[in-house]
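Asker: So that we are looking at the same thing, I have put the structure below in structure tokens.
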Amino acid sequence: MRWLITMFWSLACVGVGVALATVEVSGRTPLQHAERAWRTDGAKRLDAAKGTADDLVADVKKKVSGAVKDAKDRPLDKHSADERSALDQLIADRQREGK
């Protein structure tokens, strides 16, 4: 049964592809209409999207490099000695309980 379904969809896709390449609409095939639209407007949109993407990547790189630099400058441990001992006690209690 799966074989029959696969064959049906494959033939349907091939049929649609043949129709797009051969049936004329307003003197041109749908494929020719798409190519013409791409040449007139698609390249401009693609260049605009590439420029936007390049700007976004540059912004992200700047933010990430700043965050990494700030993390290296800041101390990693901000707990006082009392807080550290309380945390150690909590960890020890949980390890004894088996959690």
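Every chain in the structure tokens takes a letter, A first, then B, and so on in the order presented; its residues are numbered from 1, and the ligands are numbered from 1 following the presented order.
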How would you write, as a PyMOL selection string, the set of residues in chain A that DSSP gives as alpha helix (DSSP H)?
Answerer: chain A and resi 2-22+30-37+43-73+81-97
Asker: Name all residues at most 6 Å from range 4-20 of chain A (count only C-alpha atoms; drop same-chain ones fewer than 2 positions away) and give them as a list in words.
Answerer: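 Residues near the query, excluding close chain neighbours: Met1, Arg2, Thr22, Val23, Pro30 and Leu31 of chain A.
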